[in-house]
Amino acid sequence: MAYVKISDFGNFVIVPNDGDPADDKTTVLVQTDWDYPGVASAMGWQPCYCGATDGTIDCKHRKTITMINEAYDFIVDHEFESFDALDDFLPEAESEHEQENRLYEYRRLQFAKEKSNA
């Protein structure tokens, strides 16, 4: 599960429940208003009852700007609430195998560097 934290500049960060909002490796900064409807929808907001829009294009009943503004307001109203669907926005964590490979490559490069300096 993850939650949204609003920043000082009106943007927001999606944070895993056990995460640090300042850790850019585990969080996602959402800074474009075009992304607000998608995030708000993952939190339960609906752009229009007709179902013909995702909130980023006009439908017969509503204008895009109205839906984007409502999506942002919905997100702000639900700051710090946890939602399962927000996990889909988070970066995937490295597997243990990927971490081991990265460590191996780092040690290999360090060894080569030490060898060339000797």
# chains A, B, ... in the order shown; residues from 1 in each chain; ligands from 1
call {"tool": "select_by_dssp", "arguments": {"residues": "region 5-58 of chain A", "states": "helix (DSSP H, G or I)", "output": "number ranges by chain"}}
result
A: 33-42
call {"tool": "residues_around", "arguments": {"residues": "Asp20 (chain A)", "least_positions_apart": "6", "cutoff": "12 Å", "atoms": "only C-alpha atoms", "output": "short mmCIF file (atom, residue, chain, number, x, y, z; two decimals) with N, CA and C atoms, in the first residue's frame"}}
result
data_model
loop_
_atom_site.label_atom_id
_atom_site.label_comp_id
_atom_site.auth_asym_id
_atom_site.auth_seq_id
_atom_site.Cartn_x
_atom_site.Cartn_y
_atom_site.Cartn_z
N ALA A 2 0.31 2.33 -0.48
CA ALA A 2 1.04 3.58 -0.57
C ALA A 2 0.08 4.74 -0.31
N TYR A 3 0.66 5.90 -0.06
CA TYR A 3 -0.13 7.09 0.19
C TYR A 3 0.47 8.27 -0.55
N VAL A 4 -0.26 9.39 -0.55
CA VAL A 4 0.18 10.61 -1.21
C VAL A 4 0.55 11.64 -0.15
N LYS A 5 1.68 12.32 -0.37
CA LYS A 5 2.09 13.43 0.48
C LYS A 5 2.22 14.66 -0.41
N VAL A 13 4.02 13.53 -3.82
CA VAL A 13 4.87 12.35 -3.89
C VAL A 13 4.02 11.14 -3.49
N ILE A 14 4.15 10.06 -4.24
CA ILE A 14 3.52 8.79 -3.86
C ILE A 14 4.58 8.01 -3.08
N THR A 26 12.43 5.16 -3.82
CA THR A 26 11.24 4.36 -3.50
C THR A 26 9.94 5.14 -3.70
N THR A 27 10.04 6.42 -4.02
CA THR A 27 8.86 7.25 -4.20
C THR A 27 8.76 7.74 -5.65
N VAL A 28 7.63 8.34 -5.97
CA VAL A 28 7.43 8.91 -7.29
C VAL A 28 6.90 10.33 -7.12
#
call {"tool": "atom_distance", "arguments": {"atom1": "CA of Asn11 (chain A)", "atom2": "CA of Val30 (chain A)"}}
result
6.1 Å
call {"tool": "select_by_dssp", "arguments": {"residues": "chain A", "states": "strand (DSSP E)", "output": "VMD selection string"}}
result
chain A and resid 2 to 6 12 to 16 28 to 30
call {"tool": "write_last_selection", "arguments": {"atoms": "C-alpha atoms", "output": "PDB file, in the first residue's frame"}}
result
ATOM      1  CA  ALA A   2       1.037   3.580  -0.571  1.00  0.00           C
ATOM      2  CA  TYR A   3      -0.129   7.094   0.194  1.00  0.00           C
ATOM      3  CA  VAL A   4       0.182  10.606  -1.209  1.00  0.00           C
ATOM      4  CA  LYS A   5       2.090  13.434   0.482  1.00  0.00           C
ATOM      5  CA  ILE A   6       1.557  16.960  -0.838  1.00  0.00           C
ATOM      6  CA  PHE A  12       2.908  15.498  -4.570  1.00  0.00           C
ATOM      7  CA  VAL A  13       4.866  12.345  -3.892  1.00  0.00           C
ATOM      8  CA  ILE A  14       3.522   8.791  -3.864  1.00  0.00           C
ATOM      9  CA  VAL A  15       5.155   7.015  -0.928  1.00  0.00           C
ATOM     10  CA  PRO A  16       5.111   3.354   0.120  1.00  0.00           C
ATOM     11  CA  VAL A  28       7.426   8.912  -7.293  1.00  0.00           C
ATOM     12  CA  LEU A  29       7.118  12.672  -7.746  1.00  0.00           C
ATOM     13  CA  VAL A  30       3.947  13.649  -9.595  1.00  0.00           C
TER      14      VAL A  30
END
call {"tool": "closest_residue", "arguments": {"among": "A:Asp87, A:Asp33, A:Trp45, A:Val76", "to": "Thr64 (chain A)", "atoms": "only C-alpha atoms"}}
result
A:Asp33
call {"tool": "closest_residue", "arguments": {"among": "A:Lys113, A:Arg102, A:Lys60, A:His78", "to": "Ala42 (chain A)", "atoms": "only C-alpha atoms"}}
result
A:His78
call {"tool": "residues_around", "arguments": {"residues": "Val39 (chain A)", "least_positions_apart": "5", "cutoff": "10 Å", "atoms": "only C-alpha atoms", "output": "NGL selection string"}}
result
:A and (4 or 14 or 30 or 34 or 44-45 or 71-72 or 74-75 or 85-86 or 88-89)
call {"tool": "atom_distance", "arguments": {"atom1": "CA of Gly38 (chain A)", "atom2": "CA of Gly55 (chain A)"}}
result
7.7 Å
call {"tool": "atom_distance", "arguments": {"atom1": "CA of Gln31 (chain A)", "atom2": "CA of Cys59 (chain A)"}}
result
24.2 Å
call {"tool": "residues_around", "arguments": {"residues": "Pro47 (chain A)", "least_positions_apart": "3", "cutoff": "9 Å", "atoms": "only C-alpha atoms", "output": "ChimeraX atom specification"}}
result
/A:37,40-41,50-51,53-56,62,67-68,70-71
call {"tool": "write_last_selection", "arguments": {"atoms": "N, CA and C atoms", "output": "compact mmCIF listing (two decimals), in the first residue's frame"}}
result
# COMPACT_ATOMS: atom_id res chain seq x y z
N PRO A 37 -5.62 12.99 -12.76
CA PRO A 37 -6.78 12.10 -12.88
C PRO A 37 -6.44 10.62 -12.70
N ALA A 40 -5.77 10.05 -8.95
CA ALA A 40 -7.03 10.17 -8.21
C ALA A 40 -7.94 8.98 -8.50
N SER A 41 -7.97 8.51 -9.73
CA SER A 41 -8.78 7.34 -10.07
C SER A 41 -8.32 6.11 -9.31
N CYS A 50 -20.38 9.02 -16.91
CA CYS A 50 -20.60 8.37 -18.20
C CYS A 50 -19.55 7.30 -18.50
N GLY A 51 -18.39 7.41 -17.91
CA GLY A 51 -17.33 6.44 -18.14
C GLY A 51 -16.61 6.59 -19.46
N THR A 53 -14.49 8.98 -20.31
CA THR A 53 -13.23 9.71 -20.20
C THR A 53 -12.43 9.23 -19.01
N ASP A 54 -11.11 9.40 -19.10
CA ASP A 54 -10.25 9.11 -17.95
C ASP A 54 -9.93 10.38 -17.18
N GLY A 55 -10.52 11.49 -17.59
CA GLY A 55 -10.28 12.77 -16.93
C GLY A 55 -9.28 13.64 -17.65
N THR A 56 -8.65 13.11 -18.70
CA THR A 56 -7.65 13.89 -19.44
C THR A 56 -8.18 14.36 -20.80
N ARG A 62 -18.42 16.95 -19.28
CA ARG A 62 -17.44 17.66 -18.46
C ARG A 62 -16.23 18.08 -19.28
N MET A 67 -12.16 18.43 -14.60
CA MET A 67 -11.84 17.11 -14.04
C MET A 67 -10.44 17.09 -13.43
N ILE A 68 -9.48 17.73 -14.06
CA ILE A 68 -8.12 17.78 -13.52
C ILE A 68 -8.12 18.51 -12.17
N GLU A 70 -10.67 18.86 -10.11
CA GLU A 70 -11.36 18.01 -9.13
C GLU A 70 -10.49 16.84 -8.69
N ALA A 71 -9.73 16.29 -9.62
CA ALA A 71 -8.83 15.19 -9.28
C ALA A 71 -7.79 15.65 -8.26
